[in-house]
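Visitor: Handing you a structure now.
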Amino acid sequence: MRDQIDQLATITVLGVLEQGKCPLYSARFAKQTLLDCYHSCVVLFLAYFALQVIYARRKYKISPPETTGHPEFERIFRAQANCSEYFPIFISLLWIAGIFFRQDVTVACGLLYLYTRLKYFQGYTVAAQGRLGPMYASALLLWLLLGLAIAGLLAHFLQPHSST
């Protein structure tokens with residue numbers, strides 16, 4: 001079964017790293033069967049959002065638990081929070097669509113979603129209006145993942161199953 005979900009697992013790890021939830025990542029823990037492009041993405045996404053909030057806190061001298069201050073800090077903080085809020089939805093849909101529909105299509109959507117969230121974060125940190133294009137693109141990808149998950153589940157439940 002592992003060979004059927006390896007790509008989904010990789011996208012999940014990338015998403016977790018992008019959120020900054022796994023700061024102890026080390027290449028020695030990576031599976032050798034993962035594609036080289038995923039290794040490159042892991043380096044790019046490694047705790048990116050969380051680190052940006054830390055850097056902004058230092059730059060503008062805003063200590064936790066404060067969440068207000070300089071407008072640039074507030075945009076960075078809000079961008080990180082927004083991305084974290086959608087992460088459970090993304091992971092759930094990614095796995096359901098990948099298992100019940102097709103892993104290759106789901107992985108492509110997952111990679112595109114991670115890219116659009118990165119662009120969302122980068123756009124939001126510059127100006128609030130900079131988030132809109134990537135926000136719409138990532139929402140569209142979530143709807144697509146939802147559609148793939150529903151199609152896969154419908155096909156699974158509507159197919160006649162042999163009883164053993």
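Ordering of the structure tokens sets the chain letters (A, B, ...); residue numbers start at 1 within each chain; ligands are numbered from 1 in the order shown.
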Hey, what's within 12 Å of Arg57 (chain A) if we count only C-alpha atoms and toss same-chain stuff fewer than 5 positions away? As a ChimeraX atom specification, please?
Guide: /A:50-52,62-77
Visitor: As a ChimeraX atom specification, which residues of region 38-163 of chain A does DSSP assign to alpha helix (DSSP H)?
Guide: /A:38-45,48-60,71-100,103-126,132-158
Visitor: Just how far from CA of Gln80 (chain A) is CA of Tyr60 (chain A), in Å to one decimal?
Guide: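 Atom-to-atom, CA of Tyr60 (chain A) and CA of Gln80 (chain A) are spaced 16.5 Å apart.
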Visitor: Between A:Leu154, A:Ala139, A:Val53, A:Ile5, which residue has the minimum interatomic distance to Phe90 (chain A), considering only C-alpha atoms?
Guide: A:Ala139
Visitor: Nearest to Tyr115 (chain A): which of A:Pro134, A:Gly152, A:Pro88, A:Pro160 is it, counting only C-alpha atoms?
Guide: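 Closest to Tyr115 (chain A), using only C-alpha atoms: A:Pro134.
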Visitor: Between A:Ile150, A:Ala79, A:Leu8, A:Leu145, which has the minimum distance to Leu118 (chain A) (counting only C-alpha atoms)?
Guide: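 Selected residue with least distance to Leu118 (chain A): A:Ala79.
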